[in-house]
Amino acid sequence: MNRSQDPEETSKLVLYFASNAGLGYAPVAPGTFGTLAGIPAFYYISRFPWILQFLTLTAILFVSFWICERAGQIYQEADDGRIVFDELLGYLVTTAFLPFSWTAAIWGFILFRIFDILKPPPVSWFDREMKNGLGVTLDDAMAGIYAAIILRLLLLLFC
């Protein structure tokens, strides 16, 4: 069998990305550690023209559906704590189209984590009812939308 077609190698790659290069293996608060991958991603993506930001975010959304689905199958649990690629997406939704600043990066991080943990409706519906890569990703995307609204209000009022 060709090495590039080896299912074990594919599984390792999926789990590498699903864990945001290992951040999801943190012994405590893996979702919080996994979200940290979003800060350098925000830094780089914020420098793209808006259309490229949109296309990148859209690509990450669809990749997240697949990565989270496959990782859930490998772990035999749809929303295993080690799967944190969805946190990356949620954080990037929170900071989408903003210019990078440490104020935006840190407040975006805090707000996203709050909404991801509290899971106000409909975030909680996706988390509860859709036990697959789509649901795992969409609950974080929705938490990111809530966080994005509050972040923009804070930035408008205080910066």
# chains A, B, ... in the order shown; residues from 1 in each chain; ligands from 1
$ closest_atom_pairs --of "segment 70-100 of chain A" --to "segment 61-64 of chain A" --cutoff "9 Å" --atoms "only C-alpha atoms" --output "Markdown table"
| residue | atom | partner | partner_atom | distance |
| --- | --- | --- | --- | --- |
| A:Phe85 | CA | A:Ser64 | CA | 6.4 |
| A:Asp86 | CA | A:Ser64 | CA | 6.1 |
| A:Leu89 | CA | A:Leu61 | CA | 6.5 |
$ closest_atom_pairs --of "segment 90-146 of chain A" --to "segment 15-27 of chain A" --cutoff "12 Å" --atoms "only C-alpha atoms" --output "JSON lines"
{"residue": "A:Gly133", "atom": "CA", "partner": "A:Ala18", "partner_atom": "CA", "distance": 10.9}
{"residue": "A:Val136", "atom": "CA", "partner": "A:Ala18", "partner_atom": "CA", "distance": 11.5}
{"residue": "A:Thr137", "atom": "CA", "partner": "A:Ala18", "partner_atom": "CA", "distance": 11.2}
$ write_last_selection --atoms "N, CA and C atoms" --output "PDB file, in the first residue's frame"
ATOM      1  N   GLY A 133     -19.587  15.806  13.299  1.00  0.00           N
ATOM      2  CA  GLY A 133     -18.666  16.885  12.978  1.00  0.00           C
ATOM      3  C   GLY A 133     -19.366  18.205  12.692  1.00  0.00           C
ATOM      4  N   VAL A 136     -20.534  19.536  16.206  1.00  0.00           N
ATOM      5  CA  VAL A 136     -19.350  19.915  16.992  1.00  0.00           C
ATOM      6  C   VAL A 136     -18.809  21.251  16.500  1.00  0.00           C
ATOM      7  N   THR A 137     -18.784  21.437  15.202  1.00  0.00           N
ATOM      8  CA  THR A 137     -18.281  22.674  14.612  1.00  0.00           C
ATOM      9  C   THR A 137     -19.275  23.823  14.767  1.00  0.00           C
TER      10      THR A 137
END
$ closest_residue --among "A:Pro49, A:Gly38, A:Gly31, A:Pro7" --to "Leu88 of chain A" --atoms "only C-alpha atoms"
A:Gly38
$ residues_around --residues "Trp102 of chain A" --least-positions-apart "5" --cutoff "10 Å" --atoms "only C-alpha atoms" --output "VMD selection string"
chain A and resid 39 43 107 to 108
$ write_last_selection --atoms "N, CA and C atoms" --output "CSV table (one decimal), in the first residue's frame"
chain,number,residue,atom,x,y,z
A,39,ILE,N,-5.0,32.6,18.2
A,39,ILE,CA,-4.4,33.9,18.3
A,39,ILE,C,-3.3,34.1,17.2
A,43,TYR,N,-3.8,36.7,13.9
A,43,TYR,CA,-2.7,37.6,13.5
A,43,TYR,C,-2.4,37.6,12.0
A,107,TRP,N,-9.5,39.9,24.4
A,107,TRP,CA,-11.0,40.0,24.7
A,107,TRP,C,-11.7,39.0,23.8
A,108,GLY,N,-11.3,38.8,22.6
A,108,GLY,CA,-12.0,37.8,21.7
A,108,GLY,C,-11.8,36.4,22.3
$ select_by_dssp --residues "segment 31-134 of chain A" --states "alpha helix (DSSP H)" --output "compact mmCIF listing (two decimals) with C-alpha atoms, in the first residue's frame"
# COMPACT_ATOMS: atom_id res chain seq x y z
CA GLY A 31 -10.73 23.62 24.88
CA THR A 32 -9.09 26.69 26.37
CA PHE A 33 -5.63 25.52 25.34
CA GLY A 34 -6.94 24.58 21.89
CA THR A 35 -8.35 28.07 21.44
CA GLY A 38 -6.49 30.99 17.18
CA ILE A 39 -4.35 33.93 18.29
CA PRO A 40 -1.50 33.45 15.79
CA ALA A 41 -4.05 32.44 13.15
CA PHE A 42 -5.97 35.70 13.79
CA TYR A 43 -2.69 37.63 13.50
CA TYR A 44 -1.93 36.19 10.05
CA ILE A 45 -5.45 36.06 8.65
CA TRP A 50 -11.37 40.83 3.33
CA ILE A 51 -12.29 38.47 0.48
CA LEU A 52 -9.33 36.21 1.25
CA GLN A 53 -10.26 36.34 4.96
CA PHE A 54 -13.78 35.24 4.04
CA LEU A 55 -12.55 32.43 1.79
CA THR A 56 -10.06 31.26 4.45
CA LEU A 57 -12.71 31.25 7.17
CA THR A 58 -15.11 29.38 4.89
CA ALA A 59 -12.43 26.80 4.08
CA ILE A 60 -11.63 26.34 7.79
CA LEU A 61 -15.36 25.86 8.48
CA PHE A 62 -15.68 23.04 5.93
CA VAL A 63 -12.37 21.47 6.95
CA SER A 64 -13.58 21.54 10.56
CA PHE A 65 -16.73 19.59 9.64
CA TRP A 66 -14.56 16.85 8.17
CA ILE A 67 -11.75 16.89 10.78
CA CYS A 68 -14.17 16.85 13.71
CA GLU A 69 -16.26 14.08 12.12
CA ARG A 70 -13.23 11.88 11.44
CA ALA A 71 -11.63 12.52 14.84
CA GLY A 72 -14.94 11.71 16.54
CA GLN A 73 -15.06 8.41 14.65
CA ILE A 74 -11.48 7.61 15.64
CA TYR A 75 -12.09 8.43 19.31
CA PHE A 85 -10.10 22.32 15.85
CA ASP A 86 -13.65 23.61 16.28
CA GLU A 87 -12.38 26.03 18.95
CA LEU A 88 -9.96 27.44 16.41
CA LEU A 89 -12.85 28.07 14.05
CA GLY A 90 -15.02 29.60 16.80
CA TYR A 91 -12.26 31.98 17.81
CA LEU A 92 -11.66 32.99 14.20
CA VAL A 93 -15.40 33.68 13.80
CA THR A 94 -15.14 35.89 16.90
CA THR A 95 -12.28 37.93 15.43
CA TRP A 102 -3.77 42.48 21.42
CA THR A 103 -6.93 44.03 22.87
CA ALA A 104 -9.09 42.31 20.26
CA ALA A 105 -7.11 39.06 20.51
CA ILE A 106 -7.38 38.78 24.30
CA TRP A 107 -10.97 39.98 24.66
CA GLY A 108 -11.97 37.76 21.74
CA PHE A 109 -10.32 34.81 23.48
CA ILE A 110 -12.10 35.50 26.79
CA LEU A 111 -15.50 36.15 25.21
CA PHE A 112 -15.33 33.11 22.95
CA ARG A 113 -14.42 30.85 25.89
CA ILE A 114 -17.33 32.28 27.95
CA PHE A 115 -19.89 31.65 25.21
CA ASP A 116 -18.40 28.25 24.35
CA ILE A 117 -18.64 27.16 28.00
CA LEU A 118 -22.08 28.69 28.77
CA VAL A 123 -25.34 26.89 20.79
CA SER A 124 -26.66 24.36 23.30
CA TRP A 125 -29.01 22.86 20.69
CA PHE A 126 -26.15 22.11 18.29
CA ASP A 127 -24.11 20.69 21.15
CA ARG A 128 -26.96 18.51 22.44
CA GLU A 129 -28.72 17.41 19.24
CA GLY A 133 -18.67 16.89 12.98
CA LEU A 134 -21.31 19.33 11.81
$ closest_residue --among "A:Met130, A:Pro121, A:Arg82, A:Leu98" --to "Ala148 of chain A" --atoms "only C-alpha atoms"
A:Leu98
